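Reproduced below: model09.cif, with mmCIF, C-alpha atoms.
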```cif
data_work
#
loop_
_atom_site.label_atom_id
_atom_site.label_comp_id
_atom_site.auth_asym_id
_atom_site.auth_seq_id
_atom_site.Cartn_x
_atom_site.Cartn_y
_atom_site.Cartn_z
CA MET A 1 190.38 213.90 315.85
CA ASP A 2 193.72 214.91 314.30
CA SER A 3 192.26 218.20 313.07
CA ASP A 4 190.95 218.99 316.57
CA LEU A 5 194.40 218.31 318.01
CA MET A 6 196.04 220.53 315.40
CA ILE A 7 193.58 223.32 316.17
CA LYS A 8 194.31 223.06 319.90
CA GLU A 9 198.06 223.17 319.24
CA TYR A 10 197.62 226.17 316.96
CA VAL A 11 195.52 228.03 319.54
CA LYS A 12 198.10 227.26 322.25
CA MET A 13 200.95 228.53 320.02
CA LEU A 14 198.95 231.66 319.16
CA THR A 15 198.21 232.30 322.83
CA ASP A 16 201.89 231.95 323.74
CA MET A 17 202.84 234.41 321.01
CA ILE A 18 200.24 236.93 322.19
CA VAL A 19 201.46 236.65 325.80
CA LEU A 20 205.06 237.13 324.69
CA CYS A 21 204.15 240.18 322.56
CA VAL A 22 202.15 241.72 325.40
CA THR A 23 204.96 241.21 327.93
CA LEU A 24 207.49 242.67 325.49
CA ALA A 25 205.26 245.69 324.97
CA LEU A 26 204.80 246.10 328.74
CA SER A 27 208.53 245.81 329.40
CA LEU A 28 209.31 248.45 326.74
CA PHE A 29 206.56 250.72 328.11
CA PHE A 30 207.88 250.50 331.66
CA TRP A 31 211.44 251.00 330.43
CA ILE A 32 210.49 254.17 328.56
CA LEU A 33 208.56 255.32 331.63
CA SER A 34 211.58 254.72 333.88
CA LEU A 35 213.79 256.64 331.42
CA THR A 36 211.34 259.54 331.50
CA VAL A 37 211.15 259.59 335.30
CA SER A 38 214.94 259.31 335.66
CA SER A 39 215.40 262.35 333.40
CA TYR A 40 213.44 264.46 335.90
CA SER A 41 215.02 262.93 339.01
CA GLY A 42 218.75 262.50 339.20
CA THR A 43 218.45 260.05 342.10
CA LEU A 44 216.55 257.43 340.07
CA GLN A 45 218.28 255.15 337.59
CA PRO A 46 216.39 253.69 334.60
CA VAL A 47 215.68 249.97 334.81
CA SER A 48 216.76 247.72 331.96
CA PRO A 49 213.94 246.56 329.65
CA TRP A 50 215.21 243.01 330.14
CA ARG A 51 214.61 243.29 333.88
CA TRP A 52 211.08 244.50 333.21
CA LEU A 53 210.55 241.60 330.80
CA PHE A 54 211.89 239.01 333.23
CA SER A 55 209.84 240.45 336.11
CA ILE A 56 206.62 240.26 334.11
CA LEU A 57 207.09 237.09 332.07
CA VAL A 58 208.60 234.64 334.56
CA PRO A 59 206.06 235.18 337.39
CA PHE A 60 203.29 234.95 334.77
CA VAL A 61 204.56 231.57 333.53
CA VAL A 62 204.93 230.25 337.10
CA VAL A 63 201.43 231.43 338.07
CA VAL A 64 199.78 229.92 334.97
CA ARG A 65 201.46 226.60 335.70
CA ALA A 66 200.33 226.74 339.33
CA LEU A 67 196.78 227.55 338.24
CA LYS A 68 196.71 224.47 336.00
CA ARG A 69 198.01 222.30 338.84
CA GLN A 70 195.39 223.72 341.23
CA SER A 71 198.01 225.11 343.58
CA LEU A 72 196.19 228.46 343.25
CA ASP A 73 192.63 229.46 342.49
CA GLY A 74 191.78 232.47 340.29
CA SER A 75 192.08 235.11 343.00
CA GLY A 76 195.23 233.49 344.35
CA ALA A 77 196.79 233.57 340.87
CA LEU A 78 196.23 237.33 340.54
CA ALA A 79 197.65 237.96 344.00
CA ALA A 80 200.65 235.71 343.33
CA LEU A 81 201.30 237.54 340.06
CA LEU A 82 201.52 240.85 341.92
CA VAL A 83 203.75 239.43 344.66
CA GLY A 84 206.00 237.72 342.13
CA PHE A 85 206.36 240.85 340.00
CA VAL A 86 207.31 243.12 342.91
CA LEU A 87 209.86 240.72 344.42
CA THR A 88 211.41 239.88 341.05
CA MET A 89 211.74 243.53 340.08
CA ALA A 90 213.29 244.46 343.44
CA ASN A 91 215.98 241.81 343.75
CA TYR A 92 216.58 238.49 341.99
CA SER A 93 217.61 236.97 345.34
CA PHE A 94 214.11 237.83 346.59
CA PHE A 95 212.64 236.16 343.50
CA SER A 96 214.65 232.94 343.84
CA SER A 97 213.75 232.65 347.53
CA LEU A 98 210.06 233.22 346.73
CA LEU A 99 210.21 230.66 343.92
CA VAL A 100 211.73 228.00 346.18
CA PHE A 101 209.13 228.73 348.86
CA PHE A 102 206.25 228.44 346.39
CA TYR A 103 207.59 225.42 344.49
CA THR A 104 208.54 223.29 347.50
CA CYS A 105 205.40 224.13 349.47
CA SER A 106 203.17 223.35 346.47
CA LYS A 107 204.91 220.00 346.01
CA LEU A 108 204.62 219.11 349.69
CA THR A 109 200.96 220.14 349.81
CA ARG A 110 200.13 217.57 347.12
CA TRP A 111 202.37 214.93 348.71
CA GLY A 112 200.70 212.42 351.05
CA GLY A 113 197.19 213.61 350.25
CA ALA A 114 195.51 210.38 351.34
CA GLN A 115 197.02 210.64 354.82
CA LYS A 116 196.19 214.32 355.16
CA LYS A 117 192.54 213.77 354.19
CA LYS A 118 192.18 211.52 357.24
CA ILE A 119 193.36 214.32 359.52
CA ASP A 120 192.41 217.65 357.96
CA ALA A 121 188.70 218.45 357.73
CA GLU A 122 189.44 221.34 355.34
CA TYR A 123 191.88 219.54 353.02
CA LYS A 124 191.86 220.72 349.39
CA GLU A 125 193.37 218.79 346.51
CA GLY A 126 196.52 220.61 345.35
CA GLY A 127 196.13 223.32 347.99
CA GLN A 128 194.16 225.81 345.84
CA ARG A 129 195.39 228.84 347.78
CA ASN A 130 193.26 231.97 347.41
CA TRP A 131 194.28 235.63 347.51
CA VAL A 132 193.96 235.83 351.29
CA GLN A 133 196.41 232.96 351.78
CA VAL A 134 198.80 234.42 349.21
CA PHE A 135 198.86 237.85 350.82
CA CYS A 136 199.13 236.43 354.35
CA ASN A 137 202.33 234.66 353.27
CA GLY A 138 203.55 237.12 350.63
CA GLY A 139 202.17 240.45 351.79
CA VAL A 140 204.99 241.25 354.22
CA PRO A 141 207.75 240.39 351.68
CA THR A 142 205.96 242.52 349.08
CA GLU A 143 205.88 245.58 351.35
CA LEU A 144 209.53 245.07 352.24
CA ALA A 145 210.47 244.72 348.57
CA LEU A 146 208.73 248.02 347.78
CA LEU A 147 210.58 249.76 350.64
CA TYR A 148 213.82 248.20 349.40
CA MET A 149 213.28 249.64 345.90
CA ILE A 150 212.58 253.08 347.38
CA GLU A 151 215.84 252.82 349.32
CA VAL A 152 218.28 251.46 346.70
CA GLY A 153 216.24 250.80 343.54
CA PRO A 154 215.83 247.48 341.69
CA CYS A 155 219.21 245.78 342.12
CA GLU A 156 221.15 243.06 343.92
CA ILE A 157 223.31 244.11 346.86
CA PRO A 158 225.21 242.15 349.52
CA VAL A 159 223.99 242.07 353.09
CA ASP A 160 226.45 244.49 354.68
CA PHE A 161 225.32 246.60 357.62
CA THR A 162 228.40 248.84 357.54
CA LYS A 163 227.67 250.05 353.99
CA GLN A 164 223.90 249.67 353.53
CA PHE A 165 222.30 249.36 356.94
CA SER A 166 218.62 249.91 356.13
CA ALA A 167 218.70 247.97 352.85
CA SER A 168 220.53 245.07 354.51
CA TRP A 169 217.98 245.11 357.33
CA MET A 170 215.17 244.89 354.74
CA CYS A 171 216.92 241.99 352.99
CA LEU A 172 217.15 240.00 356.22
CA SER A 173 213.61 240.96 357.19
CA LEU A 174 212.25 239.74 353.86
CA LEU A 175 214.35 236.57 353.97
CA GLY A 176 213.11 235.89 357.50
CA ALA A 177 209.46 236.31 356.49
CA LEU A 178 209.83 233.89 353.57
CA ALA A 179 211.81 231.40 355.67
CA CYS A 180 209.15 231.62 358.39
CA SER A 181 206.35 230.82 355.92
CA THR A 182 208.40 228.03 354.34
CA GLY A 183 209.32 226.46 357.67
CA ASP A 184 205.73 226.52 358.92
CA THR A 185 204.38 225.03 355.68
CA TRP A 186 207.05 222.29 355.58
CA ALA A 187 206.26 221.38 359.19
CA SER A 188 202.49 221.22 358.62
CA GLU A 189 202.85 219.20 355.40
CA VAL A 190 205.67 216.81 356.36
CA GLY A 191 204.83 216.17 360.02
CA PRO A 192 201.42 214.51 359.54
CA VAL A 193 202.78 212.17 356.86
CA LEU A 194 206.11 211.05 358.32
CA SER A 195 205.68 211.42 362.06
CA GLN A 196 205.20 208.16 363.96
CA SER A 197 204.56 209.85 367.30
CA GLN A 198 201.53 211.76 368.52
CA PRO A 199 201.85 215.58 368.33
CA ARG A 200 202.38 217.47 371.57
CA LEU A 201 200.87 220.85 372.35
CA ILE A 202 203.71 223.41 372.35
CA THR A 203 202.35 225.21 375.44
CA THR A 204 201.84 222.21 377.75
CA TRP A 205 203.71 219.40 375.96
CA LYS A 206 200.67 217.13 376.37
CA GLU A 207 199.75 214.74 373.59
CA VAL A 208 196.99 216.02 371.29
CA PRO A 209 195.25 214.58 368.20
CA ALA A 210 196.92 215.11 364.83
CA GLY A 211 195.74 218.34 363.21
CA THR A 212 195.52 220.31 366.47
CA ASN A 213 196.62 223.92 366.16
CA GLY A 214 199.78 224.29 368.23
CA GLY A 215 200.69 220.61 368.01
CA VAL A 216 204.34 219.89 367.16
CA THR A 217 206.41 216.79 366.43
CA PRO A 218 210.19 216.30 366.22
CA ILE A 219 209.89 215.56 362.50
CA GLY A 220 207.79 218.67 361.96
CA LEU A 221 210.31 220.87 363.77
CA ALA A 222 213.16 219.33 361.78
CA ALA A 223 211.21 219.98 358.57
CA SER A 224 210.71 223.64 359.52
CA PHE A 225 214.45 224.00 360.09
CA LEU A 226 215.22 222.39 356.71
CA GLY A 227 212.61 224.55 354.97
CA GLY A 228 214.18 227.75 356.27
CA LEU A 229 217.64 226.37 355.47
CA THR A 230 216.57 225.76 351.87
CA VAL A 231 215.43 229.36 351.49
CA GLY A 232 218.68 230.61 353.05
CA VAL A 233 220.82 228.48 350.72
CA THR A 234 218.84 229.69 347.71
CA TYR A 235 219.34 233.34 348.70
CA PHE A 236 223.07 232.75 349.28
CA VAL A 237 223.63 230.99 345.94
CA THR A 238 221.80 233.75 344.07
CA GLN A 239 224.02 236.31 345.77
CA LEU A 240 227.13 234.39 344.68
CA LEU A 241 225.92 234.28 341.08
CA LEU A 242 224.65 237.83 340.64
CA VAL A 243 226.46 240.23 343.00
CA SER A 244 229.65 241.29 341.23
CA ASP A 245 231.47 243.00 344.13
CA LEU A 246 230.68 240.37 346.73
CA HIS A 247 234.37 239.97 347.60
CA LEU A 248 234.41 243.57 348.87
CA ALA A 249 231.45 243.08 351.22
CA ALA A 250 230.89 241.29 354.50
CA PRO A 251 230.65 237.46 354.35
CA GLN A 252 227.27 236.29 353.06
CA TRP A 253 227.23 232.72 354.40
CA PRO A 254 225.36 233.74 357.60
CA VAL A 255 222.19 234.15 355.51
CA ILE A 256 222.05 230.34 355.34
CA ALA A 257 222.02 229.97 359.13
CA TYR A 258 219.68 232.95 359.40
CA GLY A 259 217.15 231.29 357.06
CA ALA A 260 217.28 228.02 359.02
CA VAL A 261 216.74 229.77 362.36
CA ALA A 262 213.92 231.89 360.92
CA GLY A 263 212.22 228.75 359.61
CA LEU A 264 212.39 226.96 362.96
CA LEU A 265 211.47 229.96 365.12
CA GLY A 266 208.71 230.98 362.72
CA SER A 267 207.13 227.54 362.87
CA MET A 268 207.34 227.45 366.67
CA LEU A 269 205.89 230.96 366.93
CA ASP A 270 203.06 229.98 364.58
CA SER A 271 202.34 226.94 366.77
CA PHE A 272 202.42 229.04 369.95
CA LEU A 273 199.97 231.58 368.54
CA GLY A 274 197.79 228.79 367.16
CA ALA A 275 197.61 227.06 370.54
CA HIS A 276 196.32 230.25 372.16
CA LEU A 277 194.38 232.14 369.49
CA GLN A 278 192.95 229.38 367.24
CA TYR A 279 190.16 227.12 368.40
CA SER A 280 190.83 223.40 368.13
CA GLY A 281 188.20 220.83 368.98
CA PHE A 282 187.59 217.16 368.22
CA ASP A 283 184.34 216.57 366.34
CA SER A 284 183.08 213.09 367.18
CA ASN A 285 180.77 213.09 364.14
CA ILE A 286 183.61 213.13 361.62
CA GLY A 287 186.42 211.94 363.86
CA LYS A 288 188.68 214.91 363.06
CA VAL A 289 190.03 218.06 364.66
CA VAL A 290 188.04 221.13 363.55
CA SER A 291 188.27 224.87 364.07
CA TYR A 292 184.60 225.46 364.92
CA GLU A 293 182.49 224.92 368.03
CA SER A 294 179.43 222.66 367.91
CA ALA A 295 177.34 220.33 370.04
CA THR A 296 179.44 217.34 368.96
CA THR A 297 182.82 219.08 369.39
CA GLN A 298 185.04 218.72 372.44
CA ARG A 299 187.49 221.59 372.95
CA ILE A 300 191.19 220.75 372.92
CA CYS A 301 192.83 224.16 373.15
CA GLY A 302 192.73 227.78 372.00
CA LYS A 303 190.06 230.42 371.54
CA PRO A 304 188.22 231.36 368.33
CA ILE A 305 190.08 234.68 367.87
CA LEU A 306 192.19 234.16 364.73
CA ASP A 307 192.08 231.78 361.80
CA ASN A 308 195.08 230.01 360.26
CA ASN A 309 195.72 232.78 357.72
CA ALA A 310 195.86 235.47 360.40
CA VAL A 311 198.23 233.38 362.51
CA ASN A 312 200.52 232.92 359.50
CA LEU A 313 200.47 236.69 358.90
CA PHE A 314 201.25 237.58 362.52
CA SER A 315 204.08 235.03 362.65
CA SER A 316 205.76 236.40 359.53
CA VAL A 317 205.34 240.00 360.72
CA LEU A 318 206.94 239.24 364.10
CA ILE A 319 209.85 237.32 362.58
CA ALA A 320 210.39 240.05 359.97
CA LEU A 321 210.44 242.80 362.62
CA ILE A 322 212.29 241.13 365.48
CA LEU A 323 214.86 238.72 364.06
CA PRO A 324 216.97 241.23 362.05
CA ASN A 325 217.29 243.41 365.17
CA LEU A 326 218.61 240.42 367.13
CA VAL A 327 221.35 239.50 364.66
CA TRP A 328 222.62 242.66 362.94
CA GLY A 329 224.95 243.57 365.80
CA ALA A 330 226.65 240.17 365.55
CA TRP A 331 226.77 240.09 361.74
CA PRO A 332 230.32 239.52 360.43
CA GLN A 333 232.05 242.66 359.16
#
```
Show how you would write the structure in this file as structure tokens.
Amino acid sequence: MDSDLMIKEYVKMLTDMIVLCVTLALSLFFWILSLTVSSYSGTLQPVSPWRWLFSILVPFVVVVRALKRQSLDGSGALAALLVGFVLTMANYSFFSSLLVFFYTCSKLTRWGGAQKKKIDAEYKEGGQRNWVQVFCNGGVPTELALLYMIEVGPCEIPVDFTKQFSASWMCLSLLGALACSTGDTWASEVGPVLSQSQPRLITTWKEVPAGTNGGVTPIGLAASFLGGLTVGVTYFVTQLLLVSDLHLAAPQWPVIAYGAVAGLLGSMLDSFLGAHLQYSGFDSNIGKVVSYESATTQRICGKPILDNNAVNLFSSVLIALILPNLVWGAWPQ
């Protein structure tokens, strides 16, 4: 028994060493590549090998941990690795916001599982998000992070529309998308467990069974606000720690309020779209709300046009596109 344990420990140590060596080799390869490219293009600056290493190693460690905890399945792990790498390379404030979104949502998904099983016909232990779910929540931030790197390169900059209009717009757009996803997830995970009142349909304000798409509760809305606020605070703190010339830029505290508003509005928008474009019916056979039509199902609301992943994607896209345009004119200078 002791020899088996020693062998397992040895294999684990060997695996960790191999992963570290591979990530070091990758970081050095990408660093040399960036040096080569920068020598042919004066507008591109080489990226530090330490940034490459951090961007590869840290998302890998987070994803492996999530895979073991069943927060992701195999395809979801690969997708999360790509999303994590791009956001980490682009801006550490993007990375910290993504990390808080993923960590808090994974924790809340596992919390109150017994209660959620009674309501959700599609409940999975630990969440086990696949690549579709990952890209529906992280696809928009990934595209924005790539555009951000094309605009200013991998670096941390303050949100300042007078000096960097397009890059600042992308920062707020990405922050809004992550806050939207966080707020919606917090609402859907916290509301069913803590709410003592029956959900109300956001379009008619009539009471509906728990689990109905478009159903909201005061606790769920408060949770969505706090979720977005948490992402905003994380972004703000990272800016304070890593942006050296922050005192020369516009005030950064509005990103906290921006995150909170994006979380609340994103959750409400998700509920509004769900009430119209997702089918919700009560299946008398299992006593739960389901998203399919059958002989034993009584329709509550919505039409079978989109599924939950598509609604999440549309919500984040709309928040990412609209919200920065509504606030940049009033941003402190």
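Restricting the calculation to all atoms listed in the file, the smallest distance between Asn308 in chain A and any of A:Val237, A:Ala187, A:Val132, A:Val152 is found for A:Val132.
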Check your understanding: Which is closest to Trp111 in chain A among A:Ser48, A:Ser188, A:Ser267, A:Asn325, if we use all atoms listed in the file?
Key ->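 Closest to Trp111 in chain A, using all atoms listed in the file: A:Ser188.
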May I have the residues within 8 Å of Asn312 in chain A as an mmCIF file with C-alpha atoms, keeping the file's coordinate frame, using all atoms listed in the file and disregarding those fewer than 6 positions away in the same chain?
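Below you can see result-v2.cif, which holds the result:
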```cif
data_model
loop_
_atom_site.group_PDB
_atom_site.id
_atom_site.type_symbol
_atom_site.label_atom_id
_atom_site.label_comp_id
_atom_site.auth_asym_id
_atom_site.auth_seq_id
_atom_site.Cartn_x
_atom_site.Cartn_y
_atom_site.Cartn_z
ATOM 1 C CA CYS A 136 199.130 236.430 354.350
ATOM 2 C CA ASN A 137 202.330 234.660 353.270
ATOM 3 C CA SER A 181 206.350 230.820 355.920
ATOM 4 C CA ASP A 270 203.060 229.980 364.580
#
```
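What the PyMOL selection byres ((chain A and resi 166) around 12) matches in the given file is Leu144, Leu147, Tyr148, Met149, Ile150, Glu151, Val152, Ile157, Val159, Asp160, Phe161, Thr162, Lys163, Gln164, Phe165, Ala167, Ser168, Trp169, Met170, Cys171, Leu172, Ser173, Pro324, Asn325 and Trp328 of chain A.
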Please produce an output containing C-alpha atoms for each residue in the selection, written as an mmCIF file, in the frame of the given file.
```cif
data_model
loop_
_atom_site.group_PDB
_atom_site.id
_atom_site.type_symbol
_atom_site.label_atom_id
_atom_site.label_comp_id
_atom_site.auth_asym_id
_atom_site.auth_seq_id
_atom_site.Cartn_x
_atom_site.Cartn_y
_atom_site.Cartn_z
ATOM 1 C CA LEU A 144 209.530 245.070 352.240
ATOM 2 C CA LEU A 147 210.580 249.760 350.640
ATOM 3 C CA TYR A 148 213.820 248.200 349.400
ATOM 4 C CA MET A 149 213.280 249.640 345.900
ATOM 5 C CA ILE A 150 212.580 253.080 347.380
ATOM 6 C CA GLU A 151 215.840 252.820 349.320
ATOM 7 C CA VAL A 152 218.280 251.460 346.700
ATOM 8 C CA ILE A 157 223.310 244.110 346.860
ATOM 9 C CA VAL A 159 223.990 242.070 353.090
ATOM 10 C CA ASP A 160 226.450 244.490 354.680
ATOM 11 C CA PHE A 161 225.320 246.600 357.620
ATOM 12 C CA THR A 162 228.400 248.840 357.540
ATOM 13 C CA LYS A 163 227.670 250.050 353.990
ATOM 14 C CA GLN A 164 223.900 249.670 353.530
ATOM 15 C CA PHE A 165 222.300 249.360 356.940
ATOM 16 C CA ALA A 167 218.700 247.970 352.850
ATOM 17 C CA SER A 168 220.530 245.070 354.510
ATOM 18 C CA TRP A 169 217.980 245.110 357.330
ATOM 19 C CA MET A 170 215.170 244.890 354.740
ATOM 20 C CA CYS A 171 216.920 241.990 352.990
ATOM 21 C CA LEU A 172 217.150 240.000 356.220
ATOM 22 C CA SER A 173 213.610 240.960 357.190
ATOM 23 C CA PRO A 324 216.970 241.230 362.050
ATOM 24 C CA ASN A 325 217.290 243.410 365.170
ATOM 25 C CA TRP A 328 222.620 242.660 362.940
#
```
Check your understanding: Once the PyMOL selection byres ((chain A and resi 235) around 10) has been applied to the shown file, what residues remain in the selection, as a ChimeraX atom specification?
Key -> /A:92-98,100,171,175,229-234,236-240,252-253,255-256,259
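Candidate residues A:Val289, A:Cys301, A:Leu108, A:Leu248 were compared for distance to Ala223 in chain A, and the nearest is A:Leu108, using all atoms listed in the file.
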Review point. How many Å separate CA of Leu264 in chain A from CA of Gly228 in chain A?
Key: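 Value for the CA of Leu264 in chain A-CA of Gly228 in chain A distance: 7.0 Å.
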Review point. So which one's closest to Pro218 in chain A, A:Pro332, A:Gly112, A:Pro192, A:Pro59? Using all atoms listed in the file, please.
Key: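 Looking at the shortest contact to Pro218 in chain A, the residue is A:Pro192.
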**Study point:** Among listed residues A:Thr182, A:Val134, A:Leu273, A:Ser280, nearest Leu318 in chain A (using all atoms listed in the file)
**Key:** A:Leu273
Using only C-alpha atoms, which residues sit within 12 Å of Ile202 in chain A once same-chain residues fewer than 3 positions away are excluded, as a compact mmCIF listing (two decimals) with C-alpha atoms, in the coordinates of the input?
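Written output follows (out.txt):
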```txt
# COMPACT_ATOMS: atom_id res chain seq x y z
CA PRO A 199 201.85 215.58 368.33
CA TRP A 205 203.71 219.40 375.96
CA LYS A 206 200.67 217.13 376.37
CA GLU A 207 199.75 214.74 373.59
CA VAL A 208 196.99 216.02 371.29
CA THR A 212 195.52 220.31 366.47
CA ASN A 213 196.62 223.92 366.16
CA GLY A 214 199.78 224.29 368.23
CA GLY A 215 200.69 220.61 368.01
CA VAL A 216 204.34 219.89 367.16
CA THR A 217 206.41 216.79 366.43
CA PRO A 218 210.19 216.30 366.22
CA LEU A 221 210.31 220.87 363.77
CA SER A 267 207.13 227.54 362.87
CA MET A 268 207.34 227.45 366.67
CA LEU A 269 205.89 230.96 366.93
CA ASP A 270 203.06 229.98 364.58
CA SER A 271 202.34 226.94 366.77
CA PHE A 272 202.42 229.04 369.95
CA LEU A 273 199.97 231.58 368.54
CA GLY A 274 197.79 228.79 367.16
CA ALA A 275 197.61 227.06 370.54
CA HIS A 276 196.32 230.25 372.16
CA CYS A 301 192.83 224.16 373.15
CA GLY A 302 192.73 227.78 372.00
```
Check your understanding: Excluding same-chain residues fewer than 4 positions from Met89 in chain A, what lies within 10 Å of it counting only C-alpha atoms, as a PyMOL selection string?
Key -> chain A and resi 47+51-56+84-85+94-95+145-146+149+153-155
Point to revise | CA of Ile219 in chain A to CA of Ser195 in chain A, distance in Å rounded to a single decimal | key: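 Straight-line distance from CA of Ile219 in chain A to CA of Ser195 in chain A works out to 5.9 Å.
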Review point. Got a sec to resolve the PyMOL selection byres ((chain A and resi 74) around 10) on this structure and send the residues as an MDAnalysis selection string?
Key: chainID A and resid 63:64 67 70 72:73 75:80 128:131
Is it possible to add N, CA and C atoms to range 218-237 of chain A and hand it back as a PDB file, keeping the file's coordinate frame?
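Written out: rebuild-v8.pdb:
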```
ATOM      1  N   PRO A 218     208.770 216.133 366.557  1.00  0.00           N
ATOM      2  CA  PRO A 218     210.190 216.300 366.220  1.00  0.00           C
ATOM      3  C   PRO A 218     210.441 216.365 364.717  1.00  0.00           C
ATOM      4  N   ILE A 219     209.723 215.547 363.952  1.00  0.00           N
ATOM      5  CA  ILE A 219     209.890 215.560 362.500  1.00  0.00           C
ATOM      6  C   ILE A 219     209.404 216.880 361.912  1.00  0.00           C
ATOM      7  N   GLY A 220     208.298 217.397 362.429  1.00  0.00           N
ATOM      8  CA  GLY A 220     207.790 218.670 361.960  1.00  0.00           C
ATOM      9  C   GLY A 220     208.745 219.816 362.242  1.00  0.00           C
ATOM     10  N   LEU A 221     209.346 219.823 363.436  1.00  0.00           N
ATOM     11  CA  LEU A 221     210.310 220.870 363.770  1.00  0.00           C
ATOM     12  C   LEU A 221     211.562 220.760 362.910  1.00  0.00           C
ATOM     13  N   ALA A 222     212.005 219.528 362.662  1.00  0.00           N
ATOM     14  CA  ALA A 222     213.160 219.330 361.780  1.00  0.00           C
ATOM     15  C   ALA A 222     212.845 219.800 360.366  1.00  0.00           C
ATOM     16  N   ALA A 223     211.617 219.541 359.914  1.00  0.00           N
ATOM     17  CA  ALA A 223     211.210 219.980 358.570  1.00  0.00           C
ATOM     18  C   ALA A 223     211.188 221.499 358.478  1.00  0.00           C
ATOM     19  N   SER A 224     210.744 222.173 359.537  1.00  0.00           N
ATOM     20  CA  SER A 224     210.710 223.640 359.520  1.00  0.00           C
ATOM     21  C   SER A 224     212.130 224.208 359.448  1.00  0.00           C
ATOM     22  N   PHE A 225     213.059 223.583 360.146  1.00  0.00           N
ATOM     23  CA  PHE A 225     214.450 224.000 360.090  1.00  0.00           C
ATOM     24  C   PHE A 225     215.012 223.822 358.676  1.00  0.00           C
ATOM     25  N   LEU A 226     214.736 222.667 358.061  1.00  0.00           N
ATOM     26  CA  LEU A 226     215.220 222.390 356.710  1.00  0.00           C
ATOM     27  C   LEU A 226     214.566 223.311 355.675  1.00  0.00           C
ATOM     28  N   GLY A 227     213.289 223.634 355.885  1.00  0.00           N
ATOM     29  CA  GLY A 227     212.610 224.550 354.970  1.00  0.00           C
ATOM     30  C   GLY A 227     213.255 225.922 354.972  1.00  0.00           C
ATOM     31  N   GLY A 228     213.502 226.465 356.180  1.00  0.00           N
ATOM     32  CA  GLY A 228     214.180 227.750 356.270  1.00  0.00           C
ATOM     33  C   GLY A 228     215.595 227.690 355.733  1.00  0.00           C
ATOM     34  N   LEU A 229     216.276 226.565 355.984  1.00  0.00           N
ATOM     35  CA  LEU A 229     217.640 226.370 355.470  1.00  0.00           C
ATOM     36  C   LEU A 229     217.651 226.406 353.944  1.00  0.00           C
ATOM     37  N   THR A 230     216.658 225.781 353.327  1.00  0.00           N
ATOM     38  CA  THR A 230     216.570 225.760 351.870  1.00  0.00           C
ATOM     39  C   THR A 230     216.420 227.164 351.297  1.00  0.00           C
ATOM     40  N   VAL A 231     215.597 227.973 351.933  1.00  0.00           N
ATOM     41  CA  VAL A 231     215.430 229.360 351.490  1.00  0.00           C
ATOM     42  C   VAL A 231     216.731 230.136 351.669  1.00  0.00           C
ATOM     43  N   GLY A 232     217.410 229.924 352.802  1.00  0.00           N
ATOM     44  CA  GLY A 232     218.680 230.610 353.050  1.00  0.00           C
ATOM     45  C   GLY A 232     219.751 230.231 352.039  1.00  0.00           C
ATOM     46  N   VAL A 233     219.841 228.935 351.712  1.00  0.00           N
ATOM     47  CA  VAL A 233     220.820 228.480 350.720  1.00  0.00           C
ATOM     48  C   VAL A 233     220.515 229.078 349.355  1.00  0.00           C
ATOM     49  N   THR A 234     219.234 229.120 349.002  1.00  0.00           N
ATOM     50  CA  THR A 234     218.840 229.690 347.710  1.00  0.00           C
ATOM     51  C   THR A 234     219.233 231.159 347.621  1.00  0.00           C
ATOM     52  N   TYR A 235     218.971 231.917 348.667  1.00  0.00           N
ATOM     53  CA  TYR A 235     219.340 233.340 348.700  1.00  0.00           C
ATOM     54  C   TYR A 235     220.851 233.493 348.562  1.00  0.00           C
ATOM     55  N   PHE A 236     221.605 232.678 349.292  1.00  0.00           N
ATOM     56  CA  PHE A 236     223.070 232.750 349.280  1.00  0.00           C
ATOM     57  C   PHE A 236     223.633 232.435 347.903  1.00  0.00           C
ATOM     58  N   VAL A 237     223.144 231.376 347.268  1.00  0.00           N
ATOM     59  CA  VAL A 237     223.630 230.990 345.940  1.00  0.00           C
ATOM     60  C   VAL A 237     223.330 232.076 344.911  1.00  0.00           C
TER      61      VAL A 237
END
```
